[in-house]
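Take a look at the structure set out below.
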Number of protein chains: 2
Amino acid sequence: MNEVIEKLVDLIDKDLQNDIYKPEERKEIADKYKKLLPENMIVLAQANPISGNVKYNALKAQKWIEWANLLSLKAVIFPEMFLIGYPIGDFIDRFPIVVEECNEWLEALAKLSGKTKIIIGFAEFNKEKKGKNYYNSVAVLADGKIETIVRKSLLPTYAEFNDYRHFEPSDVNSSSRITSIGSKRAGIVVCEDGWNDFDFFDKNLYSTDPVEVLVKEQSPDFIINCSASITRAKKEQLKHNMLSFAARKHNTPIVYVNQVGSGECLSFEGASRVYDENGRLIAMAKSYEEQFFIVDLDDKNGLIYPLPKGLEKTLNSQKAFSLDHEPDLERTYKTIAQSIRDYFKKTGFKRAVLGLSGGLDSTICAVLLADALGAHNVFGVSMPSRITSAESKNDAKTLADNLGINFIEVPIKDMFDVTRGKFDALFSEMNDKWNCRYKNSYTNDNIQARARATILWGVANEFESCLSIATSDKSEVYMGYATINGDMSGGFAPIADVTKTKLFALAKWLNENRDVKNAIPASIIEKRPGAELAINPKTGKPLLAEEALMPYEFLDEVIWRVENLHQSINDMINVEFLYEKKASVSKEQKQEWLEKFFRRMSFAVYKWSILPPAPIVDARSINNREYRHPIIASGINYKKTTPEEKLELLKRYLCI
Amino acid sequence: MNEVIEKLVDLIDKDLQNDIYKPEERKEIADKYKKLLPENMIVLAQANPISGNVKYNALKAQKWIEWANLLSLKAVIFPEMFLIGYPIGDFIDRFPIVVEECNEWLEALAKLSGKTKIIIGFAEFNKEKKGKNYYNSVAVLADGKIETIVRKSLLPTYAEFNDYRHFEPSDVNSSSRITSIGSKRAGIVVCEDGWNDFDFFDKNLYSTDPVEVLVKEQSPDFIINCSASITRAKKEQLKHNMLSFAARKHNTPIVYVNQVGSGECLSFEGASRVYDENGRLIAMAKSYEEQFFIVDLDDKNGLIYPLPKGLEKTLNSQKAFSLDHEPDLERTYKTIAQSIRDYFKKTGFKRAVLGLSGGLDSTICAVLLADALGAHNVFGVSMPSRITSAESKNDAKTLADNLGINFIEVPIKDMFDVTRGKFDALFSEMNDKWNCRYKNSYTNDNIQARARATILWGVANEFESCLSIATSDKSEVYMGYATINGDMSGGFAPIADVTKTKLFALAKWLNENRDVKNAIPASIIEKRPGAELAINPKTGKPLLAEEALMPYEFLDEVIWRVENLHQSINDMINVEFLYEKKASVSKEQKQEWLEKFFRRMSFAVYKWSILPPAPIVDARSINNREYRHPIIASGINYKKTTPEEKLELLKRYLCI
């Protein structure tokens, strides 16, 4: 049976993507397959909506619905908020017309509905005089009508989620959650409603478990969870364990329908699935692809598409930092590639221009862009300055050739010279008034970075549908080691949530796993990173990033400890870092690096606030769609002071 | 009595700002005044904290506490979240050390507390196994101990508020809200807890009113509301009406203590106050200044400092757009000046550099910066290009002279020429590969804007504690009429929430109301705005902004209707705009402008996401600390389609 289903799913997926068949052909195909399929089939509509573009989403839904109808499937189930498109922005409050349109499209879909039940997420008006304006709801449509509406109870409002900004929580009314599907009774919950099991989690965010209430009061034959849940390092294993646990605990199968595709910074990996009443995974859709995923709830051995590496089994490592990034590289690659593809598609761009320095960051960006947009849509620009080495220039050219992307060299020496000449006169005159020039400023470094950005944005201004790319990586963004209006500037920042040590691993992985092997020259992977913006007076060579900052292996572990363990300086000073196992680091040196980290981070917060949109990839990030740090909060003390020191300071003001 | 209090308050305020007195002098002064004061006095500690800088906040609190102690006042009452500093960021989740420090400082303050009760906002750990990690709490400290803790129940999570991201709502337990102050029983609520009266509001966000519960169950002698409530156009009258209404309704005086000062984009105006049981305002602190505001609850005619114009009586106009901005100009001026001052102080900057074009935007920014930072800390740079008129150059120079700020001229012709020369060769070679050059691009316009930003950031890189300023205004940011890495770029954007028509009014107001009259040359106010980046081929003169966009009076009304009435194109087409009363506008022209507005706005959303921090001033804004619009949500349809059109579109895919 799986072979039949797989063939059918493939055929429909191709039609959904490319409109291959004429209406009568679809009917013919459906009639042929219908006879081969068991009675009680449903389809998980793992689809990719566009935030706010209700018409696009409705017309897409209709395609899936029509196929489900033609095949006489019992139900077609869409993800959370599908009609209005996740992620939701504040636009639903400022422009209620979007929600009005959403509800009218829902009614139109309902009017055309037939025997196949349509289960679809949408934003519903709250007509009560109390509470927020909207509910996060799922409608069940059938026989030309809206049969029932299920409202989300638990509203995630942390990290990338802002549900309580817009939605009123629904009381846990279990009877409205029930609908019949074929001969079975299904109970519906919405995403977070399924994430509050009191036995599974040590700490719970909410005081009720809608799944437990639903099972206790209604004993449904199975549970449907309509979700929009983003991929993150190490999240899949947690999700699997939790869903499996809940199915087993409640002795009830769970059908989990997840969104796929990326919306700005958030990436949904799909991988919709079914667990049986024993918690066993019995069917799973593809990851990172739309899919018309047909499922027979009674078949304990349904189709299971494999998860990319990085989605399986990584929870165990959650509590320890590792420099072995390999297990997460395929997921990382697919997440960023999908993000680029969808960001360009959903904003109407087609082409990308980026600076190719011959360094690691721009190299990885170029590979990802070439794979996501097609090599002919990518232009790499080498913009050497006086400090740029011949090796870097050659590496950039070789890379471009290997990838088949367009390439051009534009030296910036003259732009630098004219700006620098201007500055000499300007600064000396200004100093008469201000008399506070830095002895060692970053002015020269930044002139180069800004001249390059001026060229790239010029290209983006001059050519149709072209976006310039910011190549900053996570380790350097953390440290503010990026130039405003320079390398940090662009329409999209593909790797701003990938640390440097992971980028090195990713480079090797790309060389081994892409169709064209070894596209990245070995010298790019082997050389130590540096911005090539300044000369280190001690070595006479271009300043290396690790000389300006600290060893990347150390830096990346600090970042990991901050994001995952919320550690302060005091916490970190007393644990052994991986880097310390292989290099001798004095206690003073370690203290100095830690202090430097938090000092630089405090000043980098401004840069975080103007970082271009970037895919969230890691377990936690500083992307401001997830993490918001007021710029004025630069005086946080990341070291503990003792109660005695506090009392002492307070007493200084007393008249005692 | 008011005279005595006023003198004492002035004297203490000066000491709090400048540490004028020695400990023994303070004691002496206090002893002298103590005899003159009535028995039951309290002080509203209208103070300015720094977000996350707990040490700074605790030491500041201690100064106020000490004066209250010396004067034997019954209580010193601080605003909401004072110890940790509002606005709260996600740092309290990522760096729990901040909350640990906050609680340890609280305990230290408690240890040193005496007879004067200290009522102070802080972030409290939630030690339960369920719910968010923290409570938004107010502690009552006295006699060396924490006497009681009041937790906020209603958690605003909309616009600039994100309370539910961090805090667990407290059930409305009224008994814990009570403390004795002198011979009276006070009931404490926290900010939003006081904003849900069912009789006052037509629509309520929450289903309980903590004030009503408190009064019913505990009958306190008066209510204390510890707040951190930001200023916005037209909010003061609402606040006054609501607090007065609640005091009258419950026949209970209300003491309202508000934060003062600005935190990043949010500005708190102070104006702490007391209403008697008849809802009459009986005392009010200054606006936009820290104040040690002593209050005698039994005195029906306490000190009332006047509100600046713009804080009084503007609610009535909330439902209609007006081009008469005069009533809101003093508030606008004070809000932005405070924002600049506090942003610089709290981030450690001292000096500002900005481009002076001789146009309205940079002119207003220069005046505000000079007033906020001192003229000697401001450098205006005139950076003429080939298109810049002699008049603009002269105006910039005259303005700088009038303000007494530093001034220098740096022509950018050579920077433009070298970049343009580079582009000619580059683009023609690139076009062989891409063949999609725009016929009319903005490339030349943007080269100029970016050369200027390169100069300004160069200055900021070269001189100590210097920040470059983005001069974009609200009308133009809405339309994306600002250059990325150009005029839109800077460390702070003072007027990004002020529309162009309001800026014209503000210019006149500044000329009339500043000490130095008419600092802004009349020609700057009289000429029609234009970026002077391109020539209009029709006129042969520099392209005017209104030629590129639409009349500002029309544009600003569209913005107002979007932000305040949430109107769509359909809503606006049928109402008469103020601009239509004075100029003839065809229906087609109006439709075209409206479509252009929404089309340009959709593309401008990316620019909003990288806008530098800017003070929120208006009733509503697009500041991303308040309003978040996913960049990919560019396909929103701002026009209604009919249900019939929707059905028609959906049917196209059906096999019928």
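Identifiers in the structure tokens: chain A, B, ... in order shown; residue index from 1 per chain; ligand index from 1 in order shown.
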
Counting only C-alpha atoms, what is within 12 Å of A:Leu403, bar same-chain residues fewer than 6 positions away, as a PyMOL selection string?
chain A and resi 363-371+374-380+396-397+510-511+514-521

Which parts of stretch 69-128 of chain A does DSSP call strand (DSSP E or B) when run on the backbone here, written out as a PyMOL selection string?
chain A and resi 75-77+117-125

Filtering to C-alpha atoms, could you give me those residues as a PDB file, in the first residue's frame?
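again_10.pdb, freshly written:
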ATOM      1  CA  ALA A  75     -10.272  15.079   5.823  1.00  0.00           C
ATOM      2  CA  VAL A  76      -7.598  17.512   4.703  1.00  0.00           C
ATOM      3  CA  ILE A  77      -5.786  19.059   7.654  1.00  0.00           C
ATOM      4  CA  LYS A 117     -13.735  17.788   5.948  1.00  0.00           C
ATOM      5  CA  ILE A 118     -11.417  20.771   5.825  1.00  0.00           C
ATOM      6  CA  ILE A 119      -9.543  21.527   9.027  1.00  0.00           C
ATOM      7  CA  ILE A 120      -7.718  24.818   8.720  1.00  0.00           C
ATOM      8  CA  GLY A 121      -6.127  27.437  10.970  1.00  0.00           C
ATOM      9  CA  PHE A 122      -7.244  31.085  10.771  1.00  0.00           C
ATOM     10  CA  ALA A 123      -7.521  34.282  12.828  1.00  0.00           C
ATOM     11  CA  GLU A 124     -11.017  34.691  14.265  1.00  0.00           C
ATOM     12  CA  PHE A 125     -12.616  37.879  15.600  1.00  0.00           C
TER      13      PHE A 125
END

Top pick for closest residue to chain A, considering B:Ala108, B:Ala390, B:Val150, B:Met242 and counting only C-alpha atoms
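Distance minimum relative to chain A lands on B:Ala108.
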
Neighbours of A:Gln448 within 7 Å (only C-alpha atoms; same-chain residues fewer than 3 positions away dropped), as a compact mmCIF listing (two decimals) with N, CA and C atoms, in the first residue's frame?
# COMPACT_ATOMS: atom_id res chain seq x y z
N PHE A 416 38.82 54.38 -1.32
CA PHE A 416 39.45 54.57 -0.01
C PHE A 416 40.27 55.86 0.02
N ASN A 444 39.85 53.79 9.47
CA ASN A 444 40.35 53.24 8.20
C ASN A 444 39.75 51.88 7.87
N ASP A 445 39.66 51.03 8.90
CA ASP A 445 39.05 49.72 8.67
C ASP A 445 37.66 49.92 8.06
N ALA A 451 32.91 51.30 1.79
CA ALA A 451 33.04 51.45 0.33
C ALA A 451 32.49 50.21 -0.35
N ARG A 452 32.78 49.05 0.24
CA ARG A 452 32.27 47.80 -0.35
C ARG A 452 30.75 47.75 -0.31
N LEU A 533 41.24 44.23 7.17
CA LEU A 533 40.95 45.67 7.16
C LEU A 533 42.09 46.45 7.81

List the neighbours of A:Ile65 out to 12 Å using only C-alpha atoms; skip same-chain residues closer than 6 positions along the sequence, and give me the result as a PyMOL selection string.
(chain A and resi 12+16+42-45+47+58-59+71-78+109-110+112-120+141-142+292) or (chain B and resi 650-651+653-655)

Please, could you write that set of residues out with N, CA and C atoms as a CSV table (one decimal), in the first residue's frame?
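Result file is again_34.csv:
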chain,number,residue,atom,x,y,z
A,12,ILE,N,0.9,14.0,-7.0
A,12,ILE,CA,0.1,15.2,-6.6
A,12,ILE,C,1.0,16.4,-6.2
A,16,LEU,N,0.8,20.0,-7.6
A,16,LEU,CA,0.6,21.2,-6.7
A,16,LEU,C,1.7,22.3,-6.9
A,42,ILE,N,-6.9,10.1,5.4
A,42,ILE,CA,-6.9,11.6,5.5
A,42,ILE,C,-5.6,12.1,4.9
A,43,VAL,N,-5.5,13.5,4.7
A,43,VAL,CA,-4.3,14.0,4.2
A,43,VAL,C,-3.8,15.1,5.1
A,44,LEU,N,-2.5,15.1,5.4
A,44,LEU,CA,-1.9,16.2,6.2
A,44,LEU,C,-1.4,17.2,5.2
A,45,ALA,N,-1.9,18.4,5.2
A,45,ALA,CA,-1.6,19.4,4.2
A,45,ALA,C,-0.4,20.2,4.7
A,47,ALA,N,1.9,22.5,4.1
A,47,ALA,CA,2.0,23.5,3.0
A,47,ALA,C,2.7,24.8,3.6
A,58,ALA,N,-5.4,31.1,0.5
A,58,ALA,CA,-6.7,30.5,0.2
A,58,ALA,C,-6.6,29.7,-1.1
A,59,LEU,N,-6.0,30.3,-2.1
A,59,LEU,CA,-6.0,29.6,-3.4
A,59,LEU,C,-5.1,28.4,-3.3
A,71,LEU,N,-10.2,12.6,-4.3
A,71,LEU,CA,-9.8,11.2,-3.9
A,71,LEU,C,-10.8,10.7,-2.8
A,72,SER,N,-11.8,11.5,-2.5
A,72,SER,CA,-12.8,11.2,-1.4
A,72,SER,C,-12.1,10.9,-0.1
A,73,LEU,N,-11.0,11.6,0.2
A,73,LEU,CA,-10.4,11.5,1.5
A,73,LEU,C,-11.3,12.0,2.6
A,74,LYS,N,-11.2,11.5,3.8
A,74,LYS,CA,-12.1,11.9,4.8
A,74,LYS,C,-11.9,13.4,5.3
A,75,ALA,N,-10.6,13.7,5.3
A,75,ALA,CA,-10.3,15.1,5.8
A,75,ALA,C,-9.0,15.6,5.2
A,76,VAL,N,-8.9,16.9,5.1
A,76,VAL,CA,-7.6,17.5,4.7
A,76,VAL,C,-7.3,18.5,5.8
A,77,ILE,N,-6.1,18.3,6.4
A,77,ILE,CA,-5.8,19.1,7.7
A,77,ILE,C,-4.6,20.0,7.4
A,78,PHE,N,-4.9,21.3,7.6
A,78,PHE,CA,-3.8,22.3,7.4
A,78,PHE,C,-3.2,22.7,8.7
A,109,LEU,N,-14.4,29.2,1.2
A,109,LEU,CA,-13.9,27.8,1.2
A,109,LEU,C,-15.0,26.9,1.8
A,110,ALA,N,-15.7,27.4,2.8
A,110,ALA,CA,-16.7,26.6,3.4
A,110,ALA,C,-17.9,26.3,2.4
A,112,LEU,N,-17.8,26.1,-0.7
A,112,LEU,CA,-17.4,25.1,-1.7
A,112,LEU,C,-17.1,23.8,-1.2
A,113,SER,N,-17.1,23.6,0.2
A,113,SER,CA,-16.7,22.3,0.7
A,113,SER,C,-17.7,21.2,0.5
A,114,GLY,N,-17.2,20.0,0.4
A,114,GLY,CA,-18.1,18.9,0.2
A,114,GLY,C,-18.0,17.8,1.3
A,115,LYS,N,-17.8,16.6,0.9
A,115,LYS,CA,-17.8,15.5,1.9
A,115,LYS,C,-16.4,15.5,2.7
A,116,THR,N,-15.4,15.9,2.0
A,116,THR,CA,-14.1,15.9,2.7
A,116,THR,C,-14.1,17.1,3.7
A,117,LYS,N,-13.8,16.7,4.9
A,117,LYS,CA,-13.7,17.8,5.9
A,117,LYS,C,-12.4,18.6,5.8
A,118,ILE,N,-12.6,19.9,5.9
A,118,ILE,CA,-11.4,20.8,5.8
A,118,ILE,C,-11.1,21.3,7.2
A,119,ILE,N,-9.9,21.1,7.7
A,119,ILE,CA,-9.5,21.5,9.0
A,119,ILE,C,-8.4,22.5,8.8
A,120,ILE,N,-8.7,23.8,9.2
A,120,ILE,CA,-7.7,24.8,8.7
A,120,ILE,C,-7.6,25.9,9.7
A,141,LEU,N,-14.6,22.7,8.2
A,141,LEU,CA,-15.5,23.0,7.2
A,141,LEU,C,-16.0,21.7,6.5
A,142,ALA,N,-17.3,21.7,6.3
A,142,ALA,CA,-17.9,20.5,5.5
A,142,ALA,C,-19.3,20.8,5.0
A,292,PHE,N,1.6,16.7,0.1
A,292,PHE,CA,0.2,16.2,0.2
A,292,PHE,C,0.3,14.8,0.8
B,650,LEU,N,-11.7,30.9,-6.4
B,650,LEU,CA,-11.6,29.5,-5.8
B,650,LEU,C,-12.1,28.5,-6.8
B,651,LYS,N,-13.2,28.8,-7.5
B,651,LYS,CA,-13.8,27.9,-8.4
B,651,LYS,C,-12.9,27.5,-9.6
B,653,TYR,N,-10.1,26.5,-9.8
B,653,TYR,CA,-9.3,25.3,-9.6
B,653,TYR,C,-10.2,24.0,-9.6
B,654,LEU,N,-11.5,24.2,-9.5
B,654,LEU,CA,-12.3,23.0,-9.3
B,654,LEU,C,-12.6,22.3,-10.6
B,655,CYS,N,-12.8,21.0,-10.5
B,655,CYS,CA,-13.1,20.2,-11.7
B,655,CYS,C,-14.6,20.3,-12.0

Give me the residues near stretch 170-180 of chain B as a compact mmCIF listing (two decimals) with N, CA and C atoms, in the first residue's frame, where near means some atom within 6 Å (using only C-alpha atoms) and where sequence neighbours in that chain fewer than 6 positions away do not count.
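Result saved to around_3.txt:
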# COMPACT_ATOMS: atom_id res chain seq x y z
N VAL B 150 3.55 42.84 46.65
CA VAL B 150 2.34 42.92 45.83
C VAL B 150 2.72 42.52 44.42
N ARG B 151 1.94 41.64 43.80
CA ARG B 151 2.27 41.20 42.43
C ARG B 151 1.24 41.72 41.43
N LYS B 152 1.76 42.11 40.28
CA LYS B 152 0.89 42.65 39.23
C LYS B 152 -0.01 41.54 38.66
N SER B 153 -1.27 41.89 38.46
CA SER B 153 -2.22 40.89 37.94
C SER B 153 -2.44 41.02 36.44
N ALA B 186 -3.25 51.62 53.15
CA ALA B 186 -3.09 51.83 51.72
C ALA B 186 -3.22 50.50 50.98
N GLY B 187 -3.84 50.56 49.80
CA GLY B 187 -3.91 49.38 48.93
C GLY B 187 -3.07 49.64 47.69
N ILE B 188 -2.23 48.67 47.32
CA ILE B 188 -1.27 48.91 46.24
C ILE B 188 -1.67 48.13 44.98
N LEU B 214 -10.04 45.14 45.19
CA LEU B 214 -9.32 45.70 46.34
C LEU B 214 -10.25 46.55 47.20

Please, which residues in stretch 77-114 of chain B fall within 12 Å of stretch 222-234 of chain B when counting only C-alpha atoms, and what is the closest atom pair and distance in Å to one decimal for each, ordered by chain then residue number, as a tab-separated table?
residue	atom	partner	partner_atom	distance
B:Ile77	CA	B:Cys226	CA	7.7
B:Phe78	CA	B:Cys226	CA	6.8
B:Pro79	CA	B:Cys226	CA	4.7
B:Glu80	CA	B:Ser227	CA	4.7
B:Met81	CA	B:Ala228	CA	7.8
B:Phe82	CA	B:Ala228	CA	8.6
B:Gly85	CA	B:Ala228	CA	9.7
B:Tyr86	CA	B:Ala228	CA	7.1
B:Pro87	CA	B:Ala228	CA	8.5
B:Ile88	CA	B:Ala228	CA	10.8

Keeping C-alpha atoms for every residue in the selection just given, could you write it to a file as an mmCIF file, in the first residue's frame?
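Saved to part-v4.cif:
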data_model
loop_
_atom_site.group_PDB
_atom_site.id
_atom_site.type_symbol
_atom_site.label_atom_id
_atom_site.label_comp_id
_atom_site.auth_asym_id
_atom_site.auth_seq_id
_atom_site.Cartn_x
_atom_site.Cartn_y
_atom_site.Cartn_z
ATOM 1 C CA ILE B 77 6.995 55.371 46.851
ATOM 2 C CA PHE B 78 8.927 54.423 43.689
ATOM 3 C CA PRO B 79 7.558 53.557 40.247
ATOM 4 C CA GLU B 80 6.905 50.080 38.857
ATOM 5 C CA MET B 81 10.020 47.903 38.234
ATOM 6 C CA PHE B 82 12.233 50.699 39.529
ATOM 7 C CA GLY B 85 14.694 49.458 35.443
ATOM 8 C CA TYR B 86 11.943 49.756 32.885
ATOM 9 C CA PRO B 87 11.799 48.984 29.954
ATOM 10 C CA ILE B 88 12.460 45.336 30.712
#

Near stretch 197-209 of chain A, within 8 Å and counting only C-alpha atoms, which residues show up once chain neighbours fewer than 2 positions away are dropped, as a list in words?
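Residues meeting the cut-off are Leu154, Asp193, Gly194, Trp195, Val211, Glu212, Val213, Met242, Phe245 and Ala246 of chain A; Lys129, Lys130, Gly131 and Lys132 of chain B.
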
For the residues selected in the previous step, produce a file with C-alpha atoms as a short mmCIF file (atom, residue, chain, number, x, y, z; two decimals), in the first residue's frame.
data_model
loop_
_atom_site.label_atom_id
_atom_site.label_comp_id
_atom_site.auth_asym_id
_atom_site.auth_seq_id
_atom_site.Cartn_x
_atom_site.Cartn_y
_atom_site.Cartn_z
CA LEU A 154 -2.27 28.13 25.59
CA ASP A 193 -2.05 23.28 23.52
CA GLY A 194 -0.11 20.05 23.08
CA TRP A 195 3.05 21.21 24.85
CA VAL A 211 -4.85 17.43 25.81
CA GLU A 212 -5.46 15.80 29.16
CA VAL A 213 -8.79 17.58 29.57
CA MET A 242 6.90 14.59 23.91
CA PHE A 245 4.91 10.21 25.40
CA ALA A 246 1.51 11.91 25.17
CA LYS B 129 6.80 24.75 39.21
CA LYS B 130 4.23 26.34 36.93
CA GLY B 131 4.21 29.56 35.01
CA LYS B 132 6.72 32.15 33.87
#

Skipping near chain neighbours, those fewer than 5 positions away, what residues fall within 12 Å of B:Pro537 using only C-alpha atoms, listed as a list in words?
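These residues fall inside the cut-off: Asn440, Pro542, Leu543, Leu544 and Glu547 of chain B.
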
One-decimal distance in Å that lies between atom CA of B:Asn574 and atom CA of A:Arg94:
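The value is 19.5 Å.
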
Considering only C-alpha atoms, state which residue in the set A:Leu37, A:Leu506, A:Ala470, A:Leu594 is at the smallest distance from A:Arg331.
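Residue with the minimum atom-to-atom distance to A:Arg331: A:Leu506.
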
With distances taken over only C-alpha atoms, which of B:Tyr552, B:Phe293, B:Tyr256, B:Phe91 is nearest to B:Asp473?
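Checking each candidate against B:Asp473, we get B:Tyr552 as the closest.
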
Tell me, which residues of stretch 54-287 of chain B carry DSSP alpha helix (DSSP H), written as number ranges by chain?
B: 54-70, 91-94, 97-111, 163-166, 210-218, 235-250

Could you write out that same residue set with C-alpha atoms as a PDB file, in the first residue's frame?
ATOM      1  CA  VAL B  54      20.464  47.528  39.179  1.00  0.00           C
ATOM      2  CA  LYS B  55      23.370  49.014  41.092  1.00  0.00           C
ATOM      3  CA  TYR B  56      22.722  52.455  39.645  1.00  0.00           C
ATOM      4  CA  ASN B  57      19.026  52.199  40.448  1.00  0.00           C
ATOM      5  CA  ALA B  58      19.572  50.923  43.985  1.00  0.00           C
ATOM      6  CA  LEU B  59      22.074  53.658  44.824  1.00  0.00           C
ATOM      7  CA  LYS B  60      19.721  56.256  43.378  1.00  0.00           C
ATOM      8  CA  ALA B  61      16.845  54.860  45.427  1.00  0.00           C
ATOM      9  CA  GLN B  62      18.972  55.035  48.533  1.00  0.00           C
ATOM     10  CA  LYS B  63      19.425  58.799  48.121  1.00  0.00           C
ATOM     11  CA  TRP B  64      15.685  59.323  48.036  1.00  0.00           C
ATOM     12  CA  ILE B  65      15.122  56.942  50.912  1.00  0.00           C
ATOM     13  CA  GLU B  66      17.678  58.738  53.043  1.00  0.00           C
ATOM     14  CA  TRP B  67      16.011  62.108  52.542  1.00  0.00           C
ATOM     15  CA  ALA B  68      12.616  60.563  53.325  1.00  0.00           C
ATOM     16  CA  ASN B  69      14.072  59.022  56.469  1.00  0.00           C
ATOM     17  CA  LEU B  70      15.662  62.261  57.580  1.00  0.00           C
ATOM     18  CA  PHE B  91      17.739  39.966  29.215  1.00  0.00           C
ATOM     19  CA  ILE B  92      15.925  39.024  32.400  1.00  0.00           C
ATOM     20  CA  ASP B  93      15.284  35.580  30.919  1.00  0.00           C
ATOM     21  CA  ARG B  94      18.697  35.130  29.331  1.00  0.00           C
ATOM     22  CA  ILE B  97      21.909  37.179  37.253  1.00  0.00           C
ATOM     23  CA  VAL B  98      20.231  40.560  36.726  1.00  0.00           C
ATOM     24  CA  VAL B  99      17.183  39.415  38.693  1.00  0.00           C
ATOM     25  CA  GLU B 100      19.369  37.782  41.333  1.00  0.00           C
ATOM     26  CA  GLU B 101      21.211  41.052  41.758  1.00  0.00           C
ATOM     27  CA  CYS B 102      17.901  42.902  41.853  1.00  0.00           C
ATOM     28  CA  ASN B 103      16.649  40.743  44.704  1.00  0.00           C
ATOM     29  CA  GLU B 104      19.886  41.041  46.632  1.00  0.00           C
ATOM     30  CA  TRP B 105      19.844  44.815  46.298  1.00  0.00           C
ATOM     31  CA  LEU B 106      16.268  44.756  47.518  1.00  0.00           C
ATOM     32  CA  GLU B 107      17.294  42.815  50.578  1.00  0.00           C
ATOM     33  CA  ALA B 108      20.136  45.222  51.233  1.00  0.00           C
ATOM     34  CA  LEU B 109      17.736  48.169  50.995  1.00  0.00           C
ATOM     35  CA  ALA B 110      15.362  46.347  53.348  1.00  0.00           C
ATOM     36  CA  LYS B 111      18.141  45.747  55.876  1.00  0.00           C
ATOM     37  CA  ASP B 163       4.826  41.927  30.213  1.00  0.00           C
ATOM     38  CA  TYR B 164       3.527  38.441  29.485  1.00  0.00           C
ATOM     39  CA  ARG B 165       6.802  37.521  27.795  1.00  0.00           C
ATOM     40  CA  HIS B 166       8.430  37.576  31.226  1.00  0.00           C
ATOM     41  CA  PRO B 210      -8.053  44.551  40.630  1.00  0.00           C
ATOM     42  CA  VAL B 211      -8.965  48.031  41.902  1.00  0.00           C
ATOM     43  CA  GLU B 212     -12.614  47.105  42.294  1.00  0.00           C
ATOM     44  CA  VAL B 213     -11.741  43.859  44.067  1.00  0.00           C
ATOM     45  CA  LEU B 214      -9.322  45.696  46.339  1.00  0.00           C
ATOM     46  CA  VAL B 215     -11.859  48.354  47.321  1.00  0.00           C
ATOM     47  CA  LYS B 216     -14.688  45.857  47.827  1.00  0.00           C
ATOM     48  CA  GLU B 217     -12.727  43.423  49.923  1.00  0.00           C
ATOM     49  CA  GLN B 218     -10.371  45.707  51.832  1.00  0.00           C
ATOM     50  CA  LYS B 235      -2.862  59.888  26.330  1.00  0.00           C
ATOM     51  CA  GLU B 236      -2.752  62.311  29.283  1.00  0.00           C
ATOM     52  CA  GLN B 237      -6.394  63.314  29.103  1.00  0.00           C
ATOM     53  CA  LEU B 238      -7.436  59.673  29.011  1.00  0.00           C
ATOM     54  CA  LYS B 239      -5.241  58.918  32.003  1.00  0.00           C
ATOM     55  CA  HIS B 240      -6.577  61.882  33.959  1.00  0.00           C
ATOM     56  CA  ASN B 241     -10.187  61.040  33.196  1.00  0.00           C
ATOM     57  CA  MET B 242      -9.688  57.407  34.119  1.00  0.00           C
ATOM     58  CA  LEU B 243      -7.879  57.980  37.412  1.00  0.00           C
ATOM     59  CA  SER B 244     -10.323  60.707  38.424  1.00  0.00           C
ATOM     60  CA  PHE B 245     -13.266  58.483  37.502  1.00  0.00           C
ATOM     61  CA  ALA B 246     -11.920  55.559  39.542  1.00  0.00           C
ATOM     62  CA  ALA B 247     -11.221  57.709  42.615  1.00  0.00           C
ATOM     63  CA  ARG B 248     -14.741  59.127  42.483  1.00  0.00           C
ATOM     64  CA  LYS B 249     -16.420  55.812  41.736  1.00  0.00           C
ATOM     65  CA  HIS B 250     -14.678  54.082  44.640  1.00  0.00           C
TER      66      HIS B 250
END

One number please: atom CA of B:Thr398 to atom CA of A:Lys422, in Å, one decimal.
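So the answer is 23.5 Å.
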
With only C-alpha atoms as the basis for distance, which of A:Tyr21, A:Tyr478, A:Tyr343, A:Tyr33 is at the shortest distance from chain B?
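Of A:Tyr21, A:Tyr478, A:Tyr343, A:Tyr33, the one nearest chain B, counting only C-alpha atoms, is A:Tyr343.
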
Between B:Gly480, B:Glu326, B:Ala545, B:Phe423, which one has atoms that come closest to B:Glu512, using only C-alpha atoms?
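Distance minimum relative to B:Glu512 lands on B:Glu326.
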